[in-house]
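Only one structure is covered here, and it is reproduced in the block below.
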Amino acid sequence: MDIKQYMRELGQQARTAGREISRADSAKKNQGLLLIAEELGNSREFIAEENQKDLDAGRQQGLDSASLDRLTLTPARIEAMIEGLKQVAGLPDPVGEITNLSYRPSGIQVGQMRVPLGVIGIIFESRPNVTIDAAALCLKSGNACILRGGSEAIHSNKAIARCITKGLQAAELPVEAVQVVGTTDRAAVGELITMQEYVDVIVPRGGKSLIARITEEATIPVIKHLDGICHVYIDGSADLTKAVDIAVNAKTHRYGVCNAMETLLVADSIALKVLPLLTEKYRQAEVELRGCLKTCTLIPNCIRATEEDWHTEYLAPILSIKIVHDIDEAIAHINRYGSQHTDAIITEDYTLARRFLREVDSSSVMVNASTRFADGFEYGLGAEIGISTDKLHARGPVGLHGLTSLKYIVLGDGEIRQ
């Protein structure tokens with residue numbers, strides 16, 4: 001296969017389909033999403049069989065249990081994909097929405113209209129359900145997409161792509177609006193991220209090495225985050241029950257996710273009260289604790305944290321703990337070591353909460369809530385294409401609005417500039 005030629009054909013088809021899908025009305029797009037959901041429902045057995053091929057190959061290649069779990073499409077996960085399509089179909093359509101319309105002294109009206117980005121290239125690893133999430137959000141927001149999943153999920157992704165194609169055909173929408181790259185050749189990624197004439201935005205979803213490579217090599221704008229080094233700061237005025245519940249949930253609810261807490265900061269004035277309570281909970285969950293010198297004096301058998309620990313996204317049952325003097329030291333630590341993903345404060349002091357919200361430079365900043373809420377579904381976006389820690393265009397969970405842009409519109413009645 002000539003990879004360059006193959007990818008350019010996908011790009012040309014996506015560009016043409018993108019223009020057509022951008023004109024589709026909400027009813028038509030929703031019909032397409034629901035028909036794709038119907039096809040998935042009718043193809044449960046086929047999808048499971050194809051997914052088993054990927055699982056068998058993965059075991060032969062020595063994939064670890066966590067990777068195999070991400071790859072597995074259980075009946076419940078297939079059902080969740082179907083439900084996800086229905087939820088996206090039920091969301092308000094952002095395309096064509098006009099805001100900020102106002103009259104100017106000249107008599108014209110100036111406002112902004114929300115429009116699709118165009119063609120979105122999405123590169124992801126392991127989880128084949130991302131194929132449906134990405135397709136659904138791109139279709140609803142009027143974009144065409146080219147999806148390149150991991151080689152370990154090639155059979156699963158092709159099976160899901162077949163359902164998407166059938167659903168689009170039944171809805172009389174362009175089937176090239178969603179294209180799944182059919183080759184596992186890594187050269188396809190290199191082509192996709194440099195096809196400026198066909199692709200408008202790249203969204204990588206996967207490990208740090210993948211995202212770092214895309215960021216370095218892409219000649220197209222990238223929506224991404226590299227690390228999820230998330231913090232929870234327990235202020236001296238914190239309610240102990242809230243503090244324990246939140247700090248335990250933020251770390252132990254799930255370990256291998258980007259919005260899990262990796263560093264706990266505790267005000268010196270409350271450390272003696274809250275750390276023994278938390279230590280017992282973390283020990284029960286078999287979380288390894290690494291702490292600063294002060295922390296180690298309060299927690300038996302706590303491992304002394306190194307400078308590297310404050311920079312580390314563990315994605316594992318390991319937690320770094322630092323006792324800080326006050327909110328100033330906490331904010332300084334977060335802004336130095338954090339990844340601008342998600343950070344939270346637990347406090348009953350409204351003034352300090354406002355300071356934390358204003359001064360912590362992250363895409364999601366929370367008061368008295370677990371960092372695990374930093375998620376498109378929990379934010380009411382229906383789903384997300386990923387989380388962005390960039391400051392331009394989209395920041396935080398990227399849902400339908402994040403896959404659109406704004407253009408200025410002007411309404412006149414014969415006015416001319418004097």
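Chain labels A, B, ... are given in the sequence in which chains occur in the structure tokens; within each chain residues are numbered consecutively from 1, and ligands are likewise numbered from 1 in the order shown.
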For this session: Once DSSP has gone over the backbone, tell me which residues of range 253-350 of chain A are in helix (DSSP H, G or I), as a PyMOL selection string.
Result: chain A and resi 268-284+293-298+307-310+327-337+350
Could you pull the residues within 8 Å of Leu40 in chain A, counting only C-alpha atoms, minus those fewer than 6 positions along the same chain, as a tab-separated table (two decimals) with all heavy atoms, in the first residue's frame?
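Below is the file part.tsv, written as the result:
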```
chain	number	residue	atom	x	y	z
A	78	ILE	N	-20.49	-2.14	25.07
A	78	ILE	CA	-21.19	-1.96	23.78
A	78	ILE	C	-22.50	-1.22	24.01
A	78	ILE	O	-22.87	-0.32	23.26
A	78	ILE	CB	-21.42	-3.32	23.11
A	78	ILE	CG1	-20.08	-3.95	22.72
A	78	ILE	CG2	-22.31	-3.16	21.86
A	78	ILE	CD1	-20.19	-5.36	22.17
A	82	ILE	N	-23.88	2.53	22.58
A	82	ILE	CA	-25.21	2.79	22.01
A	82	ILE	C	-25.90	3.93	22.75
A	82	ILE	O	-26.46	4.85	22.14
A	82	ILE	CB	-26.07	1.50	22.07
A	82	ILE	CG1	-25.45	0.42	21.17
A	82	ILE	CG2	-27.51	1.78	21.67
A	82	ILE	CD1	-26.05	-0.96	21.36
A	160	ILE	N	-16.72	-1.57	14.21
A	160	ILE	CA	-17.51	-0.39	14.59
A	160	ILE	C	-17.67	0.55	13.39
A	160	ILE	O	-18.76	1.11	13.16
A	160	ILE	CB	-16.83	0.33	15.77
A	160	ILE	CG1	-16.87	-0.55	17.01
A	160	ILE	CG2	-17.51	1.67	16.05
A	160	ILE	CD1	-16.00	-0.07	18.16
A	163	CYS	N	-20.51	-0.37	11.17
A	163	CYS	CA	-21.81	0.07	11.70
A	163	CYS	C	-22.04	1.56	11.42
A	163	CYS	O	-23.15	1.98	11.08
A	163	CYS	CB	-21.88	-0.20	13.20
A	163	CYS	SG	-21.81	-1.94	13.67
```
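For Ala344 in chain A, the residues within 6 Å (counting only C-alpha atoms, excluding itself and residues fewer than 3 positions away along the chain) are A:Val232, A:Val365, A:Met366, A:Val367.
All residues within range 305-387 of chain A that the backbone DSSP calculation assigns to strand (DSSP E or B) are Ile318, Leu319, Ser320, Ile321, Lys322, Ile323, Val324, Thr342, Asp343, Ala344, Ile345, Ile346, Ser364, Val365, Met366, Val367, Gly386 and Ile387 of chain A.
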Exercise. In terms of the shortest atom-to-atom distance over only C-alpha atoms, which of A:Gly291, A:Pro174, A:Gly32, A:Gly149 is closest to Glu125 in chain A?
Worked result: A:Gly149
Would you pick out the contacts of Leu91 in chain A at 12 Å or less, using only C-alpha atoms, so that residues sharing its chain but fewer than 5 positions from it are not included, and give the list as a PDB file with N, CA and C atoms, in the first residue's frame?
```pdb
ATOM      1  N   SER A  26     -30.035  19.701  12.091  1.00  0.00           N
ATOM      2  CA  SER A  26     -29.960  18.912  13.325  1.00  0.00           C
ATOM      3  C   SER A  26     -30.726  17.603  13.213  1.00  0.00           C
ATOM      4  N   ALA A  27     -31.917  17.652  12.612  1.00  0.00           N
ATOM      5  CA  ALA A  27     -32.739  16.441  12.515  1.00  0.00           C
ATOM      6  C   ALA A  27     -32.022  15.358  11.723  1.00  0.00           C
ATOM      7  N   LYS A  29     -28.709  15.024  11.267  1.00  0.00           N
ATOM      8  CA  LYS A  29     -27.563  14.509  12.020  1.00  0.00           C
ATOM      9  C   LYS A  29     -28.021  13.592  13.148  1.00  0.00           C
ATOM     10  N   ASN A  30     -29.088  13.982  13.822  1.00  0.00           N
ATOM     11  CA  ASN A  30     -29.606  13.143  14.904  1.00  0.00           C
ATOM     12  C   ASN A  30     -30.104  11.802  14.376  1.00  0.00           C
ATOM     13  N   LEU A  33     -27.115   9.589  13.880  1.00  0.00           N
ATOM     14  CA  LEU A  33     -26.603   9.062  15.148  1.00  0.00           C
ATOM     15  C   LEU A  33     -27.469   7.917  15.663  1.00  0.00           C
ATOM     16  N   GLY A  84     -24.453   6.250  24.468  1.00  0.00           N
ATOM     17  CA  GLY A  84     -23.723   7.482  24.214  1.00  0.00           C
ATOM     18  C   GLY A  84     -24.183   8.171  22.936  1.00  0.00           C
ATOM     19  N   LEU A  85     -24.426   7.390  21.896  1.00  0.00           N
ATOM     20  CA  LEU A  85     -24.937   7.955  20.634  1.00  0.00           C
ATOM     21  C   LEU A  85     -26.290   8.615  20.844  1.00  0.00           C
ATOM     22  N   LYS A  86     -27.134   7.966  21.621  1.00  0.00           N
ATOM     23  CA  LYS A  86     -28.467   8.523  21.877  1.00  0.00           C
ATOM     24  C   LYS A  86     -28.368   9.813  22.690  1.00  0.00           C
ATOM     25  N   ALA A 136     -19.447  10.356  17.003  1.00  0.00           N
ATOM     26  CA  ALA A 136     -20.700  10.988  17.416  1.00  0.00           C
ATOM     27  C   ALA A 136     -20.521  12.493  17.614  1.00  0.00           C
ATOM     28  N   LEU A 137     -19.481  12.893  18.330  1.00  0.00           N
ATOM     29  CA  LEU A 137     -19.278  14.310  18.597  1.00  0.00           C
ATOM     30  C   LEU A 137     -18.942  15.082  17.322  1.00  0.00           C
ATOM     31  N   LYS A 140     -22.236  15.388  15.172  1.00  0.00           N
ATOM     32  CA  LYS A 140     -23.207  16.325  15.743  1.00  0.00           C
ATOM     33  C   LYS A 140     -22.743  17.768  15.576  1.00  0.00           C
ATOM     34  N   SER A 141     -21.435  17.996  15.650  1.00  0.00           N
ATOM     35  CA  SER A 141     -20.903  19.356  15.516  1.00  0.00           C
ATOM     36  C   SER A 141     -20.605  19.721  14.067  1.00  0.00           C
ATOM     37  N   PHE A 377     -18.791  14.144  30.414  1.00  0.00           N
ATOM     38  CA  PHE A 377     -20.132  13.691  30.804  1.00  0.00           C
ATOM     39  C   PHE A 377     -20.577  14.368  32.094  1.00  0.00           C
ATOM     40  N   GLY A 380     -21.817  17.874  31.819  1.00  0.00           N
ATOM     41  CA  GLY A 380     -23.031  18.083  31.044  1.00  0.00           C
ATOM     42  C   GLY A 380     -22.792  18.256  29.563  1.00  0.00           C
ATOM     43  N   LEU A 381     -21.606  17.839  29.094  1.00  0.00           N
ATOM     44  CA  LEU A 381     -21.289  17.968  27.670  1.00  0.00           C
ATOM     45  C   LEU A 381     -21.749  16.752  26.875  1.00  0.00           C
ATOM     46  N   GLY A 382     -22.284  15.742  27.556  1.00  0.00           N
ATOM     47  CA  GLY A 382     -22.744  14.528  26.889  1.00  0.00           C
ATOM     48  C   GLY A 382     -21.623  13.535  26.713  1.00  0.00           C
ATOM     49  N   ALA A 383     -20.525  13.989  26.222  1.00  0.00           N
ATOM     50  CA  ALA A 383     -19.323  13.174  26.036  1.00  0.00           C
ATOM     51  C   ALA A 383     -18.187  14.148  25.777  1.00  0.00           C
ATOM     52  N   GLY A 399     -16.102  19.136  24.324  1.00  0.00           N
ATOM     53  CA  GLY A 399     -17.338  18.549  23.826  1.00  0.00           C
ATOM     54  C   GLY A 399     -17.730  19.191  22.514  1.00  0.00           C
ATOM     55  N   LEU A 400     -19.035  19.286  22.276  1.00  0.00           N
ATOM     56  CA  LEU A 400     -19.520  19.810  21.001  1.00  0.00           C
ATOM     57  C   LEU A 400     -19.038  21.232  20.734  1.00  0.00           C
ATOM     58  N   HIS A 401     -19.133  22.103  21.732  1.00  0.00           N
ATOM     59  CA  HIS A 401     -18.710  23.488  21.510  1.00  0.00           C
ATOM     60  C   HIS A 401     -17.222  23.577  21.220  1.00  0.00           C
TER      61      HIS A 401
END
```
For this session: With a distance cut-off of 9 Å and only C-alpha atoms, select the neighbouring residues of range 190-205 of chain A, excluding the residue or stretch itself and same-chain residues fewer than 3 positions from it, and output the selection as a ChimeraX atom specification.
Result: /A:3-4,7-8,10-15,117-125,130,145-146,148,186-187,210-211,214-215,217-225,385-387
Exercise. Which neighbours of Ser126 in chain A fall inside 12 Å, counting only C-alpha atoms, when residues of the same chain fewer than 4 positions from it are skipped, and could you give them as a PyMOL selection string?
Worked result: chain A and resi 51+54-55+58+63-64+66-73+130-131+148-157+205-207
For this session: Show which residues sit within 10 Å of Lys242 in chain A, as a list in words. Count only C-alpha atoms, and ignore same-chain residues fewer than 2 positions away.
Result: Ile234, Ala238, Asp239, Leu240, Val244, Asp245, Ile246, Ala247, Val248, Ile346, Thr347, Asn368, Ala369 and Ser370 of chain A
How would the residues just chosen look if you wrote them out with C-alpha atoms as a PDB file, in the first residue's frame?
```pdb
ATOM      1  CA  ILE A 234      -6.829  20.751  52.175  1.00  0.00           C
ATOM      2  CA  ALA A 238     -11.643  22.519  55.752  1.00  0.00           C
ATOM      3  CA  ASP A 239     -14.480  20.363  57.033  1.00  0.00           C
ATOM      4  CA  LEU A 240     -12.783  17.080  58.005  1.00  0.00           C
ATOM      5  CA  VAL A 244     -11.443  12.833  53.834  1.00  0.00           C
ATOM      6  CA  ASP A 245     -14.228  11.885  51.422  1.00  0.00           C
ATOM      7  CA  ILE A 246     -12.893  14.058  48.602  1.00  0.00           C
ATOM      8  CA  ALA A 247      -9.217  13.213  49.039  1.00  0.00           C
ATOM      9  CA  VAL A 248      -9.974   9.475  49.122  1.00  0.00           C
ATOM     10  CA  ILE A 346     -11.175  21.917  50.278  1.00  0.00           C
ATOM     11  CA  THR A 347     -12.083  24.885  52.451  1.00  0.00           C
ATOM     12  CA  ASN A 368     -14.961  21.193  47.709  1.00  0.00           C
ATOM     13  CA  ALA A 369     -15.287  18.582  44.954  1.00  0.00           C
ATOM     14  CA  SER A 370     -13.279  15.607  43.713  1.00  0.00           C
TER      15      SER A 370
END
```
